[in-house]
Protein chains: 2
Amino acid sequence: MASRAKATIFDIAREAGVSKSTVSLVLQGSGLIRPETAVKVRKAIEDVGYVYNRGAANLRKAHSNVIGMVINDLTNPFFAELAVGMERVFQSAGIVPFIANTAENPVRQEEVLKSLMEQGVAGLIVSPARGTTPGAFHRLETAGVPVVFAMRRLPESRIPVIAPDNHRGAWLAAAHLIGKGHRRLAFFGGSSDLVVYHERLGGFREACEALGIAAADITVVEGETSRRGGMACLETAMSGNEPPTAALCFNDAVAFGVMLALRKRGLEPGADFAVVGFDDVVEAQHYMPALTSVSVDTAGLGERAAHAMLKMIQSRTTRAEDHIGAVNLVIRESSGPDRLAETGDAA
Amino acid sequence: MASRAKATIFDIAREAGVSKSTVSLVLQGSGLIRPETAVKVRKAIEDVGYVYNRGAANLRKAHSNVIGMVINDLTNPFFAELAVGMERVFQSAGIVPFIANTAENPVRQEEVLKSLMEQGVAGLIVSPARGTTPGAFHRLETAGVPVVFAMRRLPESRIPVIAPDNHRGAWLAAAHLIGKGHRRLAFFGGSSDLVVYHERLGGFREACEALGIAAADITVVEGETSRRGGMACLETAMSGNEPPTAALCFNDAVAFGVMLALRKRGLEPGADFAVVGFDDVVEAQHYMPALTSVSVDTAGLGERAAHAMLKMIQSRTTRAEDHIGAVNLVIRESSGPDRLAETGDAA
DNA sequence: TTGATTCATTGGAACGTTCCATTTATAGAG
DNA sequence: CTCTATAAATGGAACGTTCCAATGAATCAA
């Protein structure tokens, strides 16, 4: 049982018979102290059970080496992967990032950001919650804390963004489905208060237009970005009188839901209805049937974001280049075999 | 663009025409200040773009209101759910927990714990990494920081534990399989350096013994606790000359892997080989076939752990009761229909 | 021997807050 | 009108560190 009050550098100094300043230098690994002294001090540090007080240090040092990662939904494996990619980079830089979850709730996000600022973070990587108000990051900006957005962006904001090429990904996916012979297509899931949503839907629409699909043959159903949301989307779409035969889903979770709902209706995903997801989470390849999906290199984007952050901190700037990551359509079973020239029936 | 240097309570004081002490009282919501003064001060706080410096405050206050959650594998949805359960409690207590991931790496864990201590956490909820050395939490203990273990425990440690009844869960699962008529059983995945592993395997073994399964008919294959690990386990087990017909898996990820490997071999999980998982993650019910699994109420345990932590902090103690959560076998398709009295063939 | 030069160590002030002991203002009792 | 009680606001010390300027010791050139 160590002494009640926690040890400070003064205790170490007394124990080692040096001054507090010397101890401080040792702690910072300064080359100025004599090796033997350093050894003596380090021993004392062990003996008294010293714990460095970073709060006190930051009071003087101004810059803090704590980095926060604010994630909108940790239970979504996609974002968990993102977080892991970032961590890899930070780990090799010797810094421990703190993760906070906002559960897609702007109010919670506000609390989280406030708390992190009070903690004196050196920088923040954020995947903003749905419905984040434009001013939410204003305080961060005026405080001069570097921020980068990962995966998601805010409508009008000068904060740098690291995200995949959503537009192109959706374009590729739609083209793939059309190439398979589908003529009535759907876009399932997501909500229009997300910029990503418009990017993906936009790419989808453009491909349809470019490849001769009439606007009337496009079904768009907004919905929760979850399995349950996907199930609901399919039900809605199939209740129409000329239902789609293929769908691009806002993300993989929605796609999984759509596939479940298809099975419930006695339809086989892939054979009877083509499904394409977005994000290509690890489960996509293991699903039955395996899910065709737009791969975005999640962990890679995470690493990129982390590097950008480190650079911003180092160069004391709050600006950085956006980075739009390459995407790549991974074709598996869920988008089915080629459709032989069936009836077009288009209006 | 706000002024360069960050604002302090002195700036607020000057702006509002009061003393720094008054500002401090307002910040703490003291009832001693005249309402009009409080309003005036609060306005000044806004005007100067003040950010509270928690580090400086903690220097005096001793207790910090930061709680850390140290998770061994965030990409496992099981632990993500646990984290979310804890967060729910902390949120309503008005505190923002910081999550850190150790990626199942004891060295990383050491860094993470050190960093959190330096940050002056008020308490820590930890799901320790595999292979954590017995002394890893010694510093925390001598520093008097309250710690609770969630889901996992260390071999000999006085730190309170919140975990499911692993022994009973495994017992129920094994009994279920035996009740279905299986006589050659396997236990797949997990590694023996985890206490949980012994608890689960122990329950499994006891049920087998109690219900008349010969030790020779039990196959135990250790392996990674992941889909890939599960696939490997199945391959190993099936290469024997009297392979098992049913398996209890260390967790759901392993079970998913086992089912994939079965399919690869042309066997249908459920019909040709019974599979039971452990943890009952959300995907279990959506899988094809739906996975029979031992449900442990993950989020509930998370909440419990969080409450325990809050209580420990409040009562300034480092001790608390262990809590072993009830478990419950959820029977779905993967454990298959009853096996008609086939050959027993037991030795 | 002296002065300059380098190396190792040191005391003091500062960082932004809280808390205690005081002070000042206001009101009520005698 | 004085005295006491209460309410509101305040100055100063302290928390544990870092950094700067200063000190002391050792080495070396002249």
# chains A, B, ... in the order shown; residues from 1 in each chain; ligands from 1
$ select_by_dssp --residues "range 125-319 of chain A" --states "strand (DSSP E)" --output "JSON, numbers by chain"
{"A": [125, 126, 147, 148, 149, 150, 161, 162, 163, 164, 185, 186, 187, 188, 218, 219, 220, 221, 246, 247, 248, 249, 274, 275, 276, 277, 278, 279, 292, 293, 294, 295]}
$ write_last_selection --atoms "C-alpha atoms" --output "tab-separated table (two decimals), in the first residue's frame"
chain	number	residue	atom	x	y	z
A	125	ILE	CA	-11.13	13.16	-36.21
A	126	VAL	CA	-14.85	13.15	-36.56
A	147	VAL	CA	-10.36	18.79	-37.13
A	148	VAL	CA	-10.77	16.38	-39.99
A	149	PHE	CA	-13.96	14.73	-41.09
A	150	ALA	CA	-13.82	11.07	-41.96
A	161	VAL	CA	-12.59	15.63	-45.48
A	162	ILE	CA	-11.27	12.13	-46.00
A	163	ALA	CA	-13.92	10.08	-47.75
A	164	PRO	CA	-14.43	7.55	-50.50
A	185	LEU	CA	-33.86	-0.19	-60.36
A	186	ALA	CA	-34.15	0.92	-56.78
A	187	PHE	CA	-31.99	2.85	-54.36
A	188	PHE	CA	-32.63	1.74	-50.81
A	218	ILE	CA	-36.26	4.34	-60.63
A	219	THR	CA	-37.57	3.74	-57.14
A	220	VAL	CA	-35.97	5.58	-54.28
A	221	VAL	CA	-36.85	4.61	-50.74
A	246	ALA	CA	-32.50	-4.83	-58.55
A	247	ALA	CA	-31.34	-2.46	-55.88
A	248	LEU	CA	-28.30	-0.52	-54.86
A	249	CYS	CA	-28.35	-0.13	-51.11
A	274	ALA	CA	-30.13	-8.38	-57.52
A	275	VAL	CA	-28.70	-6.65	-54.47
A	276	VAL	CA	-25.61	-4.48	-54.26
A	277	GLY	CA	-24.27	-3.01	-51.04
A	278	PHE	CA	-21.89	-0.19	-50.25
A	279	ASP	CA	-18.78	-0.18	-48.02
A	292	THR	CA	-21.70	-7.62	-54.21
A	293	SER	CA	-20.55	-4.34	-52.74
A	294	VAL	CA	-18.60	-1.17	-53.36
A	295	SER	CA	-15.34	-1.53	-51.53
$ interface_residues --of "chain D" --to "chain A" --cutoff "12 Å" --atoms "only C-alpha atoms (C1' of nucleotides)" --output "list in words"
DC15, DG16, DT17, DT18, DC19 and DC20 of chain D
$ closest_residue --among "D:DA13, D:DA7, D:DA21, D:DA29" --to "DG3 in chain C" --atoms "only C-alpha atoms (C1' of nucleotides)"
D:DA29
$ closest_atom_pairs --of "chain B" --to "chain A" --cutoff "8 Å" --atoms "only C-alpha atoms" --output "JSON lines"
{"residue": "B:Met1", "atom": "CA", "partner": "A:Thr142", "partner_atom": "CA", "distance": 6.0}
{"residue": "B:Ala2", "atom": "CA", "partner": "A:Thr142", "partner_atom": "CA", "distance": 5.8}
{"residue": "B:Lys6", "atom": "CA", "partner": "A:Ala143", "partner_atom": "CA", "distance": 7.2}
{"residue": "B:Gly49", "atom": "CA", "partner": "A:Arg139", "partner_atom": "CA", "distance": 7.5}
{"residue": "B:Val51", "atom": "CA", "partner": "A:Glu118", "partner_atom": "CA", "distance": 6.3}
{"residue": "B:Tyr52", "atom": "CA", "partner": "A:Glu118", "partner_atom": "CA", "distance": 5.3}
{"residue": "B:Asn53", "atom": "CA", "partner": "A:Glu118", "partner_atom": "CA", "distance": 5.1}
{"residue": "B:Arg54", "atom": "CA", "partner": "A:Glu118", "partner_atom": "CA", "distance": 5.4}
{"residue": "B:Gly55", "atom": "CA", "partner": "A:Gly55", "partner_atom": "CA", "distance": 4.3}
{"residue": "B:Ala56", "atom": "CA", "partner": "A:Leu59", "partner_atom": "CA", "distance": 6.4}
{"residue": "B:Asn58", "atom": "CA", "partner": "A:Gly55", "partner_atom": "CA", "distance": 7.5}
{"residue": "B:Leu59", "atom": "CA", "partner": "A:Ala56", "partner_atom": "CA", "distance": 6.4}
{"residue": "B:Leu74", "atom": "CA", "partner": "A:Ala80", "partner_atom": "CA", "distance": 6.3}
{"residue": "B:Thr75", "atom": "CA", "partner": "A:Ala80", "partner_atom": "CA", "distance": 5.4}
{"residue": "B:Asn76", "atom": "CA", "partner": "A:Pro77", "partner_atom": "CA", "distance": 7.9}
{"residue": "B:Pro77", "atom": "CA", "partner": "A:Thr75", "partner_atom": "CA", "distance": 6.1}
{"residue": "B:Ala80", "atom": "CA", "partner": "A:Thr75", "partner_atom": "CA", "distance": 5.4}
{"residue": "B:Glu81", "atom": "CA", "partner": "A:Thr75", "partner_atom": "CA", "distance": 6.4}
{"residue": "B:Val84", "atom": "CA", "partner": "A:Thr75", "partner_atom": "CA", "distance": 7.7}
{"residue": "B:Val96", "atom": "CA", "partner": "A:Val112", "partner_atom": "CA", "distance": 6.4}
{"residue": "B:Pro97", "atom": "CA", "partner": "A:Ala100", "partner_atom": "CA", "distance": 7.1}
{"residue": "B:Phe98", "atom": "CA", "partner": "A:Phe98", "partner_atom": "CA", "distance": 5.6}
{"residue": "B:Ile99", "atom": "CA", "partner": "A:Ile99", "partner_atom": "CA", "distance": 4.8}
{"residue": "B:Ala100", "atom": "CA", "partner": "A:Phe98", "partner_atom": "CA", "distance": 5.6}
{"residue": "B:Glu111", "atom": "CA", "partner": "A:Val96", "partner_atom": "CA", "distance": 7.6}
{"residue": "B:Val112", "atom": "CA", "partner": "A:Val96", "partner_atom": "CA", "distance": 6.4}
{"residue": "B:Ser115", "atom": "CA", "partner": "A:Val96", "partner_atom": "CA", "distance": 6.9}
{"residue": "B:Met117", "atom": "CA", "partner": "A:Val51", "partner_atom": "CA", "distance": 7.2}
{"residue": "B:Glu118", "atom": "CA", "partner": "A:Asn53", "partner_atom": "CA", "distance": 5.1}
{"residue": "B:Gln119", "atom": "CA", "partner": "A:Arg54", "partner_atom": "CA", "distance": 5.8}
{"residue": "B:Gly120", "atom": "CA", "partner": "A:Asn53", "partner_atom": "CA", "distance": 7.1}
{"residue": "B:Arg139", "atom": "CA", "partner": "A:Gly49", "partner_atom": "CA", "distance": 7.5}
{"residue": "B:Thr142", "atom": "CA", "partner": "A:Ala2", "partner_atom": "CA", "distance": 6.0}
{"residue": "B:Ala143", "atom": "CA", "partner": "A:Lys6", "partner_atom": "CA", "distance": 7.2}
{"residue": "B:Leu260", "atom": "CA", "partner": "A:His286", "partner_atom": "CA", "distance": 7.4}
{"residue": "B:His286", "atom": "CA", "partner": "A:Leu260", "partner_atom": "CA", "distance": 7.5}
{"residue": "B:Met288", "atom": "CA", "partner": "A:Met288", "partner_atom": "CA", "distance": 7.0}
$ calpha_fit_rmsd --fixed "chain B" --moving "chain A"
0.1 Å
$ interface_residues --of "chain C" --to "chain B" --cutoff "9 Å" --atoms "only C-alpha atoms (C1' of nucleotides)" --output "list in words"
DC15, DG16, DT17, DT18 and DC19 of chain C
$ select_by_dssp --residues "range 150-326 of chain B" --states "alpha helix (DSSP H)" --output "tab-separated table (two decimals) with C-alpha atoms, in the first residue's frame"
chain	number	residue	atom	x	y	z
B	166	ASN	CA	-20.20	-18.87	-18.60
B	167	HIS	CA	-20.20	-22.19	-16.87
B	168	ARG	CA	-23.95	-22.51	-16.86
B	169	GLY	CA	-24.30	-21.20	-20.40
B	170	ALA	CA	-21.98	-23.86	-21.72
B	171	TRP	CA	-23.73	-26.47	-19.62
B	172	LEU	CA	-27.09	-25.56	-21.12
B	173	ALA	CA	-25.73	-25.60	-24.63
B	174	ALA	CA	-24.08	-28.98	-24.24
B	175	ALA	CA	-27.20	-30.44	-22.64
B	176	HIS	CA	-29.24	-29.11	-25.54
B	177	LEU	CA	-27.00	-30.83	-28.09
B	178	ILE	CA	-26.96	-34.07	-26.14
B	179	GLY	CA	-30.73	-33.87	-25.83
B	195	VAL	CA	-10.24	-17.58	-17.79
B	196	VAL	CA	-13.51	-17.45	-19.69
B	197	TYR	CA	-12.28	-20.29	-21.83
B	198	HIS	CA	-11.93	-22.58	-18.87
B	199	GLU	CA	-15.29	-21.58	-17.51
B	200	ARG	CA	-17.04	-22.35	-20.77
B	201	LEU	CA	-15.10	-25.49	-21.51
B	202	GLY	CA	-15.63	-26.60	-17.91
B	203	GLY	CA	-19.39	-26.23	-18.17
B	204	PHE	CA	-19.35	-28.11	-21.43
B	205	ARG	CA	-17.29	-30.95	-20.00
B	206	GLU	CA	-19.41	-31.25	-16.89
B	207	ALA	CA	-22.60	-31.50	-18.86
B	208	CYS	CA	-21.08	-34.18	-21.05
B	209	GLU	CA	-19.99	-36.16	-18.06
B	210	ALA	CA	-23.29	-35.76	-16.28
B	227	ARG	CA	-14.56	-16.45	-38.18
B	228	ARG	CA	-11.27	-17.61	-39.58
B	229	GLY	CA	-10.45	-19.40	-36.35
B	230	GLY	CA	-13.78	-21.19	-36.50
B	231	MET	CA	-13.15	-22.39	-40.03
B	232	ALA	CA	-9.79	-23.79	-39.02
B	233	CYS	CA	-11.29	-25.57	-36.01
B	234	LEU	CA	-13.82	-27.37	-38.12
B	235	GLU	CA	-11.22	-28.51	-40.61
B	236	THR	CA	-9.05	-29.88	-37.84
B	237	ALA	CA	-11.92	-31.70	-36.20
B	238	MET	CA	-13.30	-33.25	-39.36
B	252	ASP	CA	-20.54	-16.47	-32.18
B	253	ALA	CA	-17.73	-15.36	-34.47
B	254	VAL	CA	-16.25	-18.84	-34.24
B	255	ALA	CA	-19.68	-20.34	-34.86
B	256	PHE	CA	-20.13	-18.29	-38.02
B	257	GLY	CA	-16.77	-19.54	-39.22
B	258	VAL	CA	-17.70	-23.11	-38.48
B	259	MET	CA	-20.90	-22.76	-40.47
B	260	LEU	CA	-19.02	-21.31	-43.41
B	261	ALA	CA	-16.54	-24.18	-43.33
B	262	LEU	CA	-19.36	-26.70	-43.17
B	263	ARG	CA	-20.91	-25.23	-46.29
B	264	LYS	CA	-17.57	-25.39	-48.03
B	282	VAL	CA	-27.41	-9.37	-33.03
B	283	GLU	CA	-26.34	-11.07	-36.24
B	284	ALA	CA	-26.99	-14.50	-34.78
B	285	GLN	CA	-30.70	-14.27	-35.40
B	286	HIS	CA	-30.23	-12.95	-38.92
B	298	THR	CA	-24.38	-7.91	-23.20
B	299	ALA	CA	-25.72	-4.40	-23.01
B	300	GLY	CA	-27.29	-5.21	-19.64
B	301	LEU	CA	-23.96	-6.32	-18.27
B	302	GLY	CA	-22.44	-3.16	-19.63
B	303	GLU	CA	-24.99	-1.11	-17.75
B	304	ARG	CA	-24.36	-3.08	-14.63
B	305	ALA	CA	-20.63	-2.50	-14.90
B	306	ALA	CA	-21.18	1.20	-15.39
B	307	HIS	CA	-23.42	1.42	-12.36
B	308	ALA	CA	-20.92	-0.44	-10.26
B	309	MET	CA	-18.25	2.00	-11.37
B	310	LEU	CA	-20.33	5.04	-10.51
B	311	LYS	CA	-21.05	3.62	-7.10
B	312	MET	CA	-17.38	2.92	-6.46
B	313	ILE	CA	-16.40	6.43	-7.42
B	314	GLN	CA	-19.08	7.93	-5.26
$ atom_distance --atom1 "CA of Leu194 in chain B" --atom2 "CA of Val89 in chain A"
28.2 Å
$ residues_around --residues "Glu15 in chain B" --least-positions-apart "3" --cutoff "10 Å" --atoms "only C-alpha atoms (C1' of nucleotides)" --output "PyMOL selection string"
chain B and resi 9-12+18+40-41+43-45+47-48
$ residues_around --residues "DA5 in chain D" --least-positions-apart "5" --cutoff "10 Å" --atoms "only C-alpha atoms (C1' of nucleotides)" --output "VMD selection string"
chain C and resid 27 to 29
$ write_last_selection --atoms "C-alpha atoms (C1' of nucleotides)" --output "PDB file, in the first residue's frame"
ATOM      1  C1'  DA C  27     -30.693  44.369   6.098  1.00  0.00           C
ATOM      2  C1'  DG C  28     -32.763  43.642  10.630  1.00  0.00           C
ATOM      3  C1'  DA C  29     -32.788  43.983  15.684  1.00  0.00           C
TER       4       DA C  29
END
$ atom_distance --atom1 "CA of Pro134 in chain A" --atom2 "CA of Arg153 in chain A"
10.6 Å
$ residues_around --residues "Gly29 in chain A" --least-positions-apart "6" --cutoff "12 Å" --atoms "only C-alpha atoms (C1' of nucleotides)" --output "CSV table (one decimal) with N, CA and C atoms, in the first residue's frame"
chain,number,residue,atom,x,y,z
A,22,THR,N,15.6,18.8,-12.2
A,22,THR,CA,16.3,17.6,-12.7
A,22,THR,C,15.3,16.5,-13.0
A,23,VAL,N,14.4,16.3,-12.1
A,23,VAL,CA,13.5,15.2,-12.3
A,23,VAL,C,12.7,15.5,-13.6
A,35,PRO,N,24.1,10.6,-17.2
A,35,PRO,CA,23.5,9.2,-17.2
A,35,PRO,C,23.3,8.6,-15.8
A,38,ALA,N,20.4,10.2,-14.2
A,38,ALA,CA,19.1,9.7,-14.8
A,38,ALA,C,18.7,8.4,-14.2
A,39,VAL,N,19.7,7.5,-14.0
A,39,VAL,CA,19.4,6.2,-13.5
A,39,VAL,C,18.8,6.3,-12.1
A,41,VAL,N,17.4,8.8,-10.7
A,41,VAL,CA,16.1,9.4,-10.7
A,41,VAL,C,15.0,8.4,-11.1
A,42,ARG,N,15.4,7.6,-12.2
A,42,ARG,CA,14.4,6.7,-12.6
A,42,ARG,C,14.1,5.6,-11.6
